[in-house]
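Q: Sending over entry.tsv (TSV, C-alpha atoms (C1' of nucleotides)).
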chain	number	residue	atom	x	y	z
A	67	MET	CA	-16.80	94.90	-52.58
A	68	GLU	CA	-19.06	92.25	-54.03
A	69	ASP	CA	-17.94	88.64	-53.77
A	70	LEU	CA	-18.25	87.06	-57.20
A	71	ARG	CA	-19.26	83.72	-55.75
A	72	ASP	CA	-22.58	85.23	-54.69
A	73	ASP	CA	-23.71	85.50	-58.29
A	74	ARG	CA	-21.63	83.00	-60.16
A	75	ASP	CA	-23.82	83.10	-63.24
A	76	SER	CA	-23.32	86.82	-63.82
A	77	TRP	CA	-19.82	86.13	-65.19
A	78	THR	CA	-18.17	83.50	-67.35
A	79	SER	CA	-15.01	81.48	-67.16
A	80	GLU	CA	-13.67	82.37	-70.55
A	81	ASN	CA	-10.37	84.18	-69.89
A	82	CYS	CA	-9.53	81.87	-66.99
A	83	SER	CA	-5.88	81.75	-65.98
A	84	VAL	CA	-6.29	78.32	-64.45
A	85	ALA	CA	-7.59	76.93	-67.74
A	86	ARG	CA	-4.83	78.58	-69.75
A	87	ALA	CA	-2.22	77.29	-67.32
A	88	MET	CA	-3.68	73.80	-67.69
A	89	ASP	CA	-3.49	74.06	-71.47
A	90	ILE	CA	0.28	74.45	-71.07
A	91	VAL	CA	1.15	72.24	-68.10
A	92	GLY	CA	-1.95	70.11	-67.89
A	93	SER	CA	-0.61	66.71	-68.75
A	94	ARG	CA	0.91	64.24	-66.36
A	95	SER	CA	4.12	63.84	-68.30
A	96	THR	CA	4.66	67.60	-68.63
A	97	VAL	CA	4.40	67.96	-64.86
A	98	LEU	CA	6.77	65.05	-64.26
A	99	ILE	CA	9.26	66.55	-66.71
A	100	MET	CA	9.01	69.82	-64.78
A	101	ARG	CA	9.62	67.90	-61.55
A	102	GLU	CA	12.82	66.49	-63.02
A	103	ALA	CA	13.90	69.77	-64.59
A	104	LEU	CA	13.50	71.48	-61.20
A	105	LEU	CA	15.69	68.73	-59.71
A	106	GLY	CA	18.38	69.62	-62.22
A	107	THR	CA	17.86	67.17	-65.08
A	108	ARG	CA	18.78	68.61	-68.46
A	109	ARG	CA	19.57	65.85	-70.95
A	110	PHE	CA	17.18	63.89	-73.13
A	111	ASP	CA	18.12	60.40	-72.05
A	112	ASP	CA	18.11	61.38	-68.37
A	113	PHE	CA	14.58	62.69	-68.76
A	114	VAL	CA	13.53	59.47	-70.46
A	115	ARG	CA	14.99	57.30	-67.71
A	116	ARG	CA	13.97	59.38	-64.71
A	117	VAL	CA	10.46	60.31	-65.78
A	118	GLY	CA	9.72	56.83	-67.10
A	119	VAL	CA	8.12	57.72	-70.42
A	120	GLY	CA	9.18	56.40	-73.82
A	121	GLU	CA	11.47	58.27	-76.18
A	122	PRO	CA	8.80	59.24	-78.71
A	123	ALA	CA	6.55	60.67	-76.04
A	124	MET	CA	9.49	62.48	-74.43
A	125	ALA	CA	10.62	64.00	-77.71
A	126	ALA	CA	7.09	65.27	-78.37
A	127	ARG	CA	6.66	66.69	-74.85
A	128	LEU	CA	10.05	68.42	-74.84
A	129	LYS	CA	9.31	69.97	-78.21
A	130	GLU	CA	6.00	71.29	-76.90
A	131	MET	CA	7.63	72.60	-73.75
A	132	VAL	CA	10.34	74.41	-75.71
A	133	ALA	CA	7.62	75.93	-77.90
A	134	ALA	CA	5.75	76.94	-74.73
A	135	GLU	CA	9.00	78.48	-73.43
A	136	LEU	CA	9.12	76.38	-70.29
A	137	LEU	CA	12.45	74.99	-71.45
A	138	GLU	CA	15.19	76.28	-73.69
A	139	ARG	CA	17.21	74.00	-75.99
A	140	ILE	CA	20.82	74.99	-75.55
A	141	PRO	CA	23.91	73.56	-77.27
A	142	TYR	CA	26.75	72.45	-75.02
A	143	ARG	CA	30.00	70.61	-75.44
A	144	GLU	CA	31.81	68.31	-73.04
A	145	PRO	CA	35.55	67.92	-73.73
A	146	GLY	CA	36.14	65.09	-76.18
A	147	GLN	CA	32.44	64.89	-76.94
A	148	ARG	CA	30.58	66.38	-79.80
A	149	THR	CA	28.13	69.25	-79.48
A	150	ARG	CA	24.83	68.26	-77.92
A	151	HIS	CA	21.73	70.04	-76.70
A	152	GLU	CA	20.36	70.29	-73.22
A	153	TYR	CA	17.03	71.54	-71.92
A	154	GLN	CA	17.35	74.36	-69.44
A	155	LEU	CA	14.54	75.84	-67.44
A	156	THR	CA	13.49	79.32	-68.43
A	157	ARG	CA	12.21	81.80	-65.86
A	158	LYS	CA	8.70	80.91	-66.98
A	159	GLY	CA	9.44	77.26	-66.26
A	160	ARG	CA	11.25	77.87	-62.97
A	161	GLU	CA	8.29	79.85	-61.67
A	162	LEU	CA	6.21	76.69	-61.76
A	163	LEU	CA	8.03	75.65	-58.58
A	164	PRO	CA	5.17	76.75	-56.29
A	165	VAL	CA	2.75	74.67	-58.37
A	166	ILE	CA	4.92	71.56	-58.19
A	167	THR	CA	5.60	72.14	-54.50
A	168	ALA	CA	1.91	72.57	-53.71
A	169	LEU	CA	1.20	69.38	-55.64
A	170	ARG	CA	3.94	67.51	-53.78
A	171	ASN	CA	2.68	68.75	-50.40
A	172	TRP	CA	-0.82	67.63	-51.25
A	173	GLY	CA	0.38	64.26	-52.49
A	174	ASP	CA	2.46	63.76	-49.33
A	175	THR	CA	-0.64	64.36	-47.22
A	176	TRP	CA	-3.45	62.84	-49.26
A	177	ALA	CA	-1.89	60.28	-51.57
A	178	ALA	CA	0.87	59.04	-49.29
A	179	THR	CA	2.30	55.56	-49.10
A	180	ASP	CA	2.91	54.04	-45.69
A	181	THR	CA	6.63	54.59	-46.14
A	182	GLY	CA	6.30	58.38	-46.11
A	183	PRO	CA	7.57	60.90	-48.67
A	184	SER	CA	10.60	60.03	-50.76
A	185	VAL	CA	12.10	63.50	-50.82
A	186	VAL	CA	11.71	66.66	-48.76
A	187	ALA	CA	12.55	70.18	-49.87
A	188	THR	CA	14.21	72.11	-47.05
A	189	HIS	CA	15.32	75.69	-46.55
A	190	HIS	CA	19.05	75.89	-47.22
A	191	ASP	CA	19.62	78.42	-44.44
A	192	CYS	CA	17.74	76.73	-41.58
A	193	GLY	CA	17.00	73.18	-42.72
A	194	GLU	CA	13.26	73.39	-42.07
A	195	PRO	CA	10.88	71.75	-44.59
A	196	ILE	CA	9.30	73.95	-47.24
A	197	ARG	CA	5.63	74.20	-48.06
A	198	ALA	CA	3.50	76.19	-50.50
A	199	VAL	CA	1.18	78.40	-48.43
A	200	LEU	CA	-1.27	81.17	-49.18
A	201	ARG	CA	-0.28	84.67	-48.20
A	202	CYS	CA	-1.68	88.06	-49.01
A	203	ALA	CA	0.38	91.00	-50.23
A	204	ALA	CA	0.24	92.54	-46.76
A	205	GLY	CA	2.00	89.47	-45.42
A	206	HIS	CA	-0.89	87.82	-43.60
A	207	GLU	CA	-1.19	84.10	-43.74
A	208	ILE	CA	-4.53	82.99	-45.15
A	209	ALA	CA	-6.73	80.52	-43.34
A	210	ASP	CA	-9.42	78.57	-45.11
A	211	GLY	CA	-12.44	80.84	-45.60
A	212	ASP	CA	-10.61	84.16	-45.30
A	213	ILE	CA	-10.86	84.65	-49.02
A	214	ASP	CA	-12.94	86.98	-51.17
A	215	ILE	CA	-13.19	86.57	-54.93
A	216	ILE	CA	-13.39	89.92	-56.66
A	217	ALA	CA	-13.49	91.07	-60.27
A	218	GLY	CA	-10.24	91.64	-62.15
A	219	PRO	CA	-9.94	93.85	-65.24
A	220	GLY	CA	-10.39	90.89	-67.58
A	221	LEU	CA	-13.66	89.63	-66.14
A	222	VAL	CA	-16.27	88.81	-68.75
A	223	ARG	CA	-19.74	89.59	-67.45
A	224	ARG	CA	-22.91	88.10	-68.81
A	225	ASP	CA	-25.61	90.67	-69.44
B	55	MET	CA	23.34	66.88	-45.30
B	56	GLU	CA	23.69	65.56	-48.81
B	57	ASP	CA	21.64	67.22	-51.56
B	58	LEU	CA	19.94	64.52	-53.59
B	59	ARG	CA	20.28	66.51	-56.80
B	60	ASP	CA	24.04	65.92	-56.69
B	61	ASP	CA	23.58	62.25	-57.44
B	62	ARG	CA	20.21	62.00	-59.06
B	63	ASP	CA	20.82	58.50	-60.37
B	64	SER	CA	21.36	57.01	-56.91
B	65	TRP	CA	17.60	57.14	-56.25
B	66	THR	CA	14.45	56.53	-58.21
B	67	SER	CA	11.17	58.33	-58.66
B	68	GLU	CA	8.92	55.47	-57.78
B	69	ASN	CA	6.99	56.59	-54.70
B	70	CYS	CA	6.74	60.16	-55.98
B	71	SER	CA	4.02	62.30	-54.41
B	72	VAL	CA	3.89	64.57	-57.43
B	73	ALA	CA	3.14	61.61	-59.69
B	74	ARG	CA	0.51	60.22	-57.35
B	75	ALA	CA	-1.11	63.63	-57.04
B	76	MET	CA	-1.19	63.88	-60.84
B	77	ASP	CA	-2.85	60.47	-61.07
B	78	ILE	CA	-5.73	61.94	-59.08
B	79	VAL	CA	-5.96	65.56	-60.26
B	80	GLY	CA	-3.91	65.37	-63.44
B	81	SER	CA	-6.52	66.08	-66.04
B	82	ARG	CA	-7.64	69.46	-67.28
B	83	SER	CA	-11.30	68.86	-66.58
B	84	THR	CA	-10.66	67.63	-63.03
B	85	VAL	CA	-8.74	70.82	-62.27
B	86	LEU	CA	-11.44	73.00	-63.79
B	87	ILE	CA	-14.09	71.18	-61.77
B	88	MET	CA	-12.00	71.84	-58.67
B	89	ARG	CA	-11.77	75.50	-59.65
B	90	GLU	CA	-15.57	75.68	-59.81
B	91	ALA	CA	-16.08	73.65	-56.65
B	92	LEU	CA	-13.77	76.04	-54.78
B	93	LEU	CA	-15.88	78.90	-56.12
B	94	GLY	CA	-18.92	77.28	-54.58
B	95	THR	CA	-20.49	75.30	-57.42
B	96	ARG	CA	-22.22	72.15	-56.25
B	97	ARG	CA	-24.81	71.01	-58.78
B	98	PHE	CA	-24.35	68.85	-61.83
B	99	ASP	CA	-25.81	71.17	-64.44
B	100	ASP	CA	-23.95	74.17	-62.99
B	101	PHE	CA	-20.69	72.27	-63.34
B	102	VAL	CA	-21.55	71.37	-66.93
B	103	ARG	CA	-22.36	74.96	-67.87
B	104	ARG	CA	-19.56	76.68	-65.97
B	105	VAL	CA	-16.73	74.30	-66.75
B	106	GLY	CA	-17.78	73.92	-70.37
B	107	VAL	CA	-17.50	70.16	-70.73
B	108	GLY	CA	-20.24	67.87	-71.97
B	109	GLU	CA	-22.58	65.96	-69.72
B	110	PRO	CA	-21.06	62.51	-70.34
B	111	ALA	CA	-17.56	63.74	-69.52
B	112	MET	CA	-18.83	65.60	-66.45
B	113	ALA	CA	-20.70	62.57	-65.13
B	114	ALA	CA	-17.58	60.44	-65.54
B	115	ARG	CA	-15.25	63.01	-63.90
B	116	LEU	CA	-17.59	63.61	-60.95
B	117	LYS	CA	-17.87	59.88	-60.37
B	118	GLU	CA	-14.09	59.57	-60.36
B	119	MET	CA	-13.72	62.53	-58.06
B	120	VAL	CA	-16.24	61.13	-55.60
B	121	ALA	CA	-14.36	57.82	-55.68
B	122	ALA	CA	-11.11	59.73	-55.10
B	123	GLU	CA	-12.81	61.51	-52.17
B	124	LEU	CA	-12.28	64.99	-53.54
B	125	LEU	CA	-16.05	65.46	-53.58
B	126	GLU	CA	-18.89	63.97	-51.61
B	127	ARG	CA	-22.29	63.25	-53.15
B	128	ILE	CA	-24.88	64.56	-50.75
B	129	PRO	CA	-28.68	64.44	-51.03
B	130	TYR	CA	-30.53	67.71	-50.57
B	131	ARG	CA	-34.06	68.94	-51.01
B	132	GLU	CA	-35.33	72.34	-52.00
B	133	PRO	CA	-38.94	73.03	-50.98
B	134	GLY	CA	-41.33	71.90	-53.69
B	135	GLN	CA	-38.52	70.06	-55.44
B	136	ARG	CA	-37.67	66.43	-55.26
B	137	THR	CA	-34.54	65.10	-53.57
B	138	ARG	CA	-31.39	65.71	-55.56
B	139	HIS	CA	-27.68	65.28	-55.01
B	140	GLU	CA	-25.00	67.90	-54.81
B	141	TYR	CA	-21.24	67.57	-54.86
B	142	GLN	CA	-19.56	69.05	-51.82
B	143	LEU	CA	-15.84	69.47	-51.36
B	144	THR	CA	-14.23	67.21	-48.82
B	145	ARG	CA	-11.25	68.34	-46.75
B	146	LYS	CA	-9.04	66.45	-49.18
B	147	GLY	CA	-10.53	68.44	-52.04
B	148	ARG	CA	-10.50	71.77	-50.23
B	149	GLU	CA	-6.81	71.38	-49.53
B	150	LEU	CA	-6.11	71.57	-53.24
B	151	LEU	CA	-6.66	75.33	-52.93
B	152	PRO	CA	-2.91	76.10	-52.81
B	153	VAL	CA	-2.41	74.07	-55.99
B	154	ILE	CA	-5.20	75.87	-57.85
B	155	THR	CA	-4.03	79.23	-56.50
B	156	ALA	CA	-0.42	78.61	-57.56
B	157	LEU	CA	-1.68	77.59	-60.99
B	158	ARG	CA	-3.84	80.71	-61.24
B	159	ASN	CA	-0.96	82.95	-60.17
B	160	TRP	CA	1.29	81.38	-62.78
B	161	GLY	CA	-1.34	81.67	-65.47
B	162	ASP	CA	-1.95	85.33	-64.57
B	163	THR	CA	1.75	86.03	-65.05
B	164	TRP	CA	2.77	83.72	-67.88
B	165	ALA	CA	-0.34	82.94	-69.85
B	166	ALA	CA	-2.15	86.24	-69.47
B	167	THR	CA	-4.39	87.93	-71.97
B	168	ASP	CA	-3.99	91.63	-72.59
B	169	THR	CA	-7.15	92.29	-70.61
B	170	GLY	CA	-5.59	91.08	-67.36
B	171	PRO	CA	-6.91	88.46	-64.93
B	172	SER	CA	-10.64	87.83	-64.74
B	173	VAL	CA	-10.80	87.24	-61.00
B	174	VAL	CA	-8.57	88.01	-58.04
B	175	ALA	CA	-8.59	86.25	-54.70
B	176	THR	CA	-8.17	88.76	-51.87
B	177	HIS	CA	-7.73	88.50	-48.12
B	178	HIS	CA	-11.09	89.07	-46.47
B	179	ASP	CA	-9.57	91.01	-43.56
B	180	CYS	CA	-7.32	93.42	-45.45
B	181	GLY	CA	-8.34	93.22	-49.10
B	182	GLU	CA	-4.85	92.51	-50.41
B	183	PRO	CA	-4.44	89.95	-53.22
B	184	ILE	CA	-3.51	86.40	-52.29
B	185	ARG	CA	-0.65	84.38	-53.75
B	186	ALA	CA	0.77	80.90	-53.18
B	187	VAL	CA	4.32	81.34	-51.89
B	188	LEU	CA	7.00	79.03	-50.55
B	189	ARG	CA	7.72	79.19	-46.86
B	190	CYS	CA	9.69	76.99	-44.49
B	191	ALA	CA	8.40	75.69	-41.19
B	192	ALA	CA	10.49	78.32	-39.35
B	193	GLY	CA	8.55	81.01	-41.20
B	194	HIS	CA	11.23	82.17	-43.63
B	195	GLU	CA	10.19	83.06	-47.11
B	196	ILE	CA	12.05	81.03	-49.71
B	197	ALA	CA	13.85	82.66	-52.59
B	198	ASP	CA	14.75	80.77	-55.72
B	199	GLY	CA	17.85	78.69	-55.03
B	200	ASP	CA	17.51	78.56	-51.24
B	201	ILE	CA	16.32	74.99	-51.44
B	202	ASP	CA	17.94	71.68	-50.56
B	203	ILE	CA	16.44	68.37	-51.56
B	204	ILE	CA	16.99	65.75	-48.88
B	205	ALA	CA	15.95	62.13	-48.41
B	206	GLY	CA	12.60	61.34	-46.82
B	207	PRO	CA	11.78	58.02	-45.15
B	208	GLY	CA	10.20	56.65	-48.32
B	209	LEU	CA	13.16	57.24	-50.63
B	210	VAL	CA	14.00	54.30	-52.86
B	211	ARG	CA	17.74	54.11	-53.43
B	212	ARG	CA	19.37	52.33	-56.32
B	213	ASP	CA	22.25	50.08	-55.22
C	98	DG	C1'	-51.63	59.16	-64.83
C	99	DA	C1'	-49.50	62.39	-68.04
C	100	DT	C1'	-46.01	65.78	-68.11
C	101	DC	C1'	-41.93	67.97	-66.95
C	102	DT	C1'	-37.19	68.51	-65.45
C	103	DG	C1'	-32.70	67.66	-63.66
C	104	DA	C1'	-29.46	64.26	-63.75
C	105	DC	C1'	-27.65	61.30	-65.84
C	106	DT	C1'	-26.46	57.07	-69.56
C	107	DT	C1'	-25.68	55.13	-74.20
C	108	DG	C1'	-23.73	55.19	-78.69
C	109	DC	C1'	-20.66	56.76	-82.07
C	110	DG	C1'	-17.00	59.11	-84.20
C	111	DT	C1'	-12.76	61.73	-83.56
C	112	DA	C1'	-8.50	63.26	-81.37
C	113	DT	C1'	-4.76	62.76	-78.42
C	114	DG	C1'	-1.22	60.13	-75.71
C	115	DC	C1'	1.51	56.42	-74.92
C	116	DT	C1'	4.28	52.08	-75.84
C	117	DG	C1'	7.60	49.12	-78.24
C	118	DA	C1'	10.52	48.15	-81.87
C	119	DA	C1'	13.16	49.71	-85.39
C	120	DG	C1'	15.37	53.22	-88.14
C	121	DT	C1'	18.00	57.68	-88.88
C	122	DC	C1'	21.49	61.08	-88.38
C	123	DA	C1'	25.44	63.89	-86.97
C	124	DG	C1'	29.74	64.07	-85.46
C	125	DC	C1'	34.05	62.61	-82.93
C	126	DG	C1'	37.64	59.02	-82.07
C	127	DC	C1'	40.33	55.97	-84.31
D	224	DG	C1'	36.05	56.41	-93.75
D	225	DC	C1'	34.09	53.29	-90.20
D	226	DG	C1'	32.01	52.50	-86.07
D	227	DC	C1'	29.93	54.28	-82.01
D	228	DT	C1'	26.70	56.92	-79.34
D	229	DG	C1'	23.31	60.13	-77.89
D	230	DA	C1'	19.43	62.12	-79.58
D	231	DC	C1'	16.08	61.72	-81.68
D	232	DT	C1'	12.17	60.07	-85.72
D	233	DT	C1'	9.02	56.74	-87.89
D	234	DC	C1'	5.71	53.34	-87.76
D	235	DA	C1'	2.05	50.51	-86.19
D	236	DG	C1'	-1.29	49.68	-82.56
D	237	DC	C1'	-3.82	50.36	-78.41
D	238	DA	C1'	-6.21	53.07	-74.71
D	239	DT	C1'	-8.39	57.19	-73.03
D	240	DA	C1'	-10.84	61.46	-73.44
D	241	DC	C1'	-13.98	64.20	-75.38
D	242	DG	C1'	-17.98	66.12	-78.10
D	243	DC	C1'	-22.56	65.68	-79.91
D	244	DA	C1'	-27.05	63.60	-80.20
D	245	DA	C1'	-30.37	60.88	-78.35
D	246	DG	C1'	-32.39	58.06	-74.81
D	247	DT	C1'	-33.60	56.95	-69.88
D	248	DC	C1'	-35.32	57.47	-65.33
D	249	DA	C1'	-37.21	59.08	-60.93
D	250	DG	C1'	-40.12	61.70	-58.68
D	251	DA	C1'	-42.72	66.05	-58.01
D	252	DT	C1'	-46.54	68.86	-60.19
D	253	DC	C1'	-50.85	69.22	-62.34
Translate the structure of the given file into structure tokens.
A:
Amino acid sequence: MEDLRDDRDSWTSENCSVARAMDIVGSRSTVLIMREALLGTRRFDDFVRRVGVGEPAMAARLKEMVAAELLERIPYREPGQRTRHEYQLTRKGRELLPVITALRNWGDTWAATDTGPSVVATHHDCGEPIRAVLRCAAGHEIADGDIDIIAGPGLVRRD
Amino acid sequence: MEDLRDDRDSWTSENCSVARAMDIVGSRSTVLIMREALLGTRRFDDFVRRVGVGEPAMAARLKEMVAAELLERIPYREPGQRTRHEYQLTRKGRELLPVITALRNWGDTWAATDTGPSVVATHHDCGEPIRAVLRCAAGHEIADGDIDIIAGPGLVRRD
DNA sequence: GATCTGACTTGCGTATGCTGAAGTCAGCGC
DNA sequence: GCGCTGACTTCAGCATACGCAAGTCAGATC
């Protein structure tokens, strides 16, 4: 099985999942909104306050994210209040958790303040801290350098 | 052990590792350069061609990334050529692999084309595909919802 | 010493993102 | 039917990011 890194110019990066993912979640504010959504935030003004971006920017981002199906705009009603809308994570949005977790792990290690991390995600059952790690489908943990890059069905080769 | 999501307004998001990570690797082109660097690309014109951004943007990004210590600018010399510089990943940069992998996994699933993924990372020893997954320090795999968010030493509480 | 090439830099025009301040709008409580 | 409030929208104005085209520069080759 040929490793694609050995002849990087024989194939192109059009049809790259990383690039398409970045087109959807590539901006700082989108990621911070996802951080908050994964922490349970659902209402417009909470997002504005907790993420620290202005209302116009927030309205634009949320609209984009609903269009991208990361969030769903759902009507709700508290007793004695009128109907409002909240932004709930879709499955597509919730599955960004490994990305946000990997980013938080990296930030804790490489962009830390001297006070240490502000929050830690722990396993509910055992209390141990959670990290994003690389694992293969056979269950092996992957060390740096144990990786091959092989062609998928969507690879675009150059002649 | 209190879950911080239960009273989200009792603490702030200043000192957030996700935000600091995004300040460093938050732009689309930075991520795509990291993708290429992790695939082995090291030279300026290869980055330009493979990432698909213009030379001015690439020069600016690479300079930033060297300043951020994701890459190191190293002189090298091919026989019969003059001395040039290449951009090598630092440890700090290499450790972004879980982030890029998580992003690629997500893109493969949620932003796929009908042709399927272009490349697949596999475990060198067993050939099985690699994914970024969540795991706790005790080795348990984390399912959605098995997570607590607890205070770290750097948490900033609101009075 | 003229030429070539890889690695940039400079200049310009466009597009996107964000902020702050102010305005709108839909209901519900009164 | 008036006011209040949460959830936005509208309107400048500024800052970055990017693309394209052209220019520069250092050092090996000839």
Q: Using only C-alpha atoms (C1' of nucleotides), what table do you get, as CSV, when you list each residue of chain C with an atom no more than 7 Å from chain A, its nearest pair of atoms, and their distance in Å rounded to one decimal, rows by chain then rising number?
A:
residue,atom,partner,partner_atom,distance
C:DC115,C1',A:Ala123,CA,6.7
C:DT116,C1',A:Gly120,CA,6.8
C:DG124,C1',A:Arg148,CA,6.2
C:DC125,C1',A:Arg148,CA,6.0
Q: Limited to C-alpha atoms (C1' of nucleotides), could you put the picked residues into a file as a PDB file, in the frame of the given file?
A:
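Listing of selection-v7.pdb after writing:
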ATOM      1  C1'  DC C 115       1.510  56.420 -74.920  1.00  0.00           C
ATOM      2  C1'  DT C 116       4.280  52.080 -75.840  1.00  0.00           C
ATOM      3  C1'  DG C 124      29.740  64.070 -85.460  1.00  0.00           C
ATOM      4  C1'  DC C 125      34.050  62.610 -82.930  1.00  0.00           C
TER       5       DC C 125
END
Q: Could you work out how far atom CA of Ala198 of chain A lies from atom CA of Pro219 of chain A, giving the answer in Å with one decimal?
A: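 That distance, rounded to one decimal, is 26.6 Å.
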Q: Env of segment 194-199 of chain B: 9 Å cut, atoms = only C-alpha atoms (C1' of nucleotides), seq-sep filter 5 positions within chain, self excluded. Answer as an NGL selection string.
A: (:A and (160-161 or 163 or 189-190 or 192 or 196)) or (:B and (187-189))
Q: Restricting it to C-alpha atoms, dump the selection as a tab-separated table (two decimals), keeping the file's coordinate frame.
A:
chain	number	residue	atom	x	y	z
A	160	ARG	CA	11.25	77.87	-62.97
A	161	GLU	CA	8.29	79.85	-61.67
A	163	LEU	CA	8.03	75.65	-58.58
A	189	HIS	CA	15.32	75.69	-46.55
A	190	HIS	CA	19.05	75.89	-47.22
A	192	CYS	CA	17.74	76.73	-41.58
A	196	ILE	CA	9.30	73.95	-47.24
B	187	VAL	CA	4.32	81.34	-51.89
B	188	LEU	CA	7.00	79.03	-50.55
B	189	ARG	CA	7.72	79.19	-46.86
Q: Would you list the contacts of Gly147 of chain B as a ChimeraX atom specification, taking every protein, DNA or RNA residue within 8 Å and counting all atoms listed in the file, but skipping same-chain residues closer than 6 positions in sequence?
A: /B:88,123-125
Q: Would you kindly return, as a PyMOL selection string, each protein, DNA or RNA residue with an atom no farther than 9 Å from any atom of Ile99 of chain A, considering all atoms listed in the file and excluding same-chain residues fewer than 6 positions away?
A: chain A and resi 107+113+116-117+124+127-128
Q: Taking all atoms listed in the file into account, report as a ChimeraX atom specification which residues of chain A lie within 6 Å of chain B.
A: /A:71,83-84,87-88,92,94,105,165,168-170,173-174,181-190,194-203,212-221
Q: In Å, with one decimal, what is the gap from atom CA of Ala114 of chain B to atom C1' of DC237 of chain D?
A: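 Atom-to-atom, atom CA of Ala114 of chain B to atom C1' of DC237 of chain D, that is 21.4 Å.
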Q: Would you kindly return, as a JSON list (two decimals) with C-alpha atoms (C1' of nucleotides), keeping the file's coordinate frame, each protein, DNA or RNA residue with an atom no farther than 12 Å from any atom of DC101 of chain C, considering all atoms listed in the file and excluding same-chain residues fewer than 5 positions away?
A:
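Result saved to part.json:
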[["chain", "number", "residue", "atom", "x", "y", "z"],
["D", 249, "DA", "C1'", -37.21, 59.08, -60.93],
["D", 250, "DG", "C1'", -40.12, 61.70, -58.68],
["D", 251, "DA", "C1'", -42.72, 66.05, -58.01],
["D", 252, "DT", "C1'", -46.54, 68.86, -60.19],
["D", 253, "DC", "C1'", -50.85, 69.22, -62.34]]
Q: Find the spatial neighbours of DC109 of chain C, counting only C-alpha atoms (C1' of nucleotides), within a cut-off of 12 Å - ignore same-chain residues fewer than 3 positions away - and output them as a list in words.
A: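 Non-adjacent residues within range: DG242, DC243, DA244 and DA245 of chain D.
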Q: What does the distance between atom C1' of DT121 of chain C and atom CA of Val132 of chain A come to in Å, to one decimal place?
A: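 Computing it gives 22.6 Å between the two atoms.
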Q: Taking into account only C-alpha atoms (C1' of nucleotides), which residue in the set B:Tyr141, B:Glu132, B:Arg212, B:Arg97 is nearest to chain D?
A: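 With only C-alpha atoms (C1' of nucleotides) as the atom set, the closest residue is B:Glu132.
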Q: Could you produce a table of the residues of chain D lying within 12 Å of chain A, with the nearest pair of atoms per residue and their separation in Å rounded to one decimal, using only C-alpha atoms (C1' of nucleotides), ordered by chain and increasing residue number, as JSON lines?
A:
{"residue": "D:DT228", "atom": "C1'", "partner": "A:Gln147", "partner_atom": "CA", "distance": 10.1}
{"residue": "D:DG229", "atom": "C1'", "partner": "A:Asp111", "partner_atom": "CA", "distance": 7.8}
{"residue": "D:DA230", "atom": "C1'", "partner": "A:Phe110", "partner_atom": "CA", "distance": 7.1}
{"residue": "D:DC231", "atom": "C1'", "partner": "A:Ala125", "partner_atom": "CA", "distance": 7.1}
{"residue": "D:DT232", "atom": "C1'", "partner": "A:Pro122", "partner_atom": "CA", "distance": 7.8}
{"residue": "D:DT233", "atom": "C1'", "partner": "A:Pro122", "partner_atom": "CA", "distance": 9.5}
{"residue": "D:DC234", "atom": "C1'", "partner": "A:Pro122", "partner_atom": "CA", "distance": 11.2}
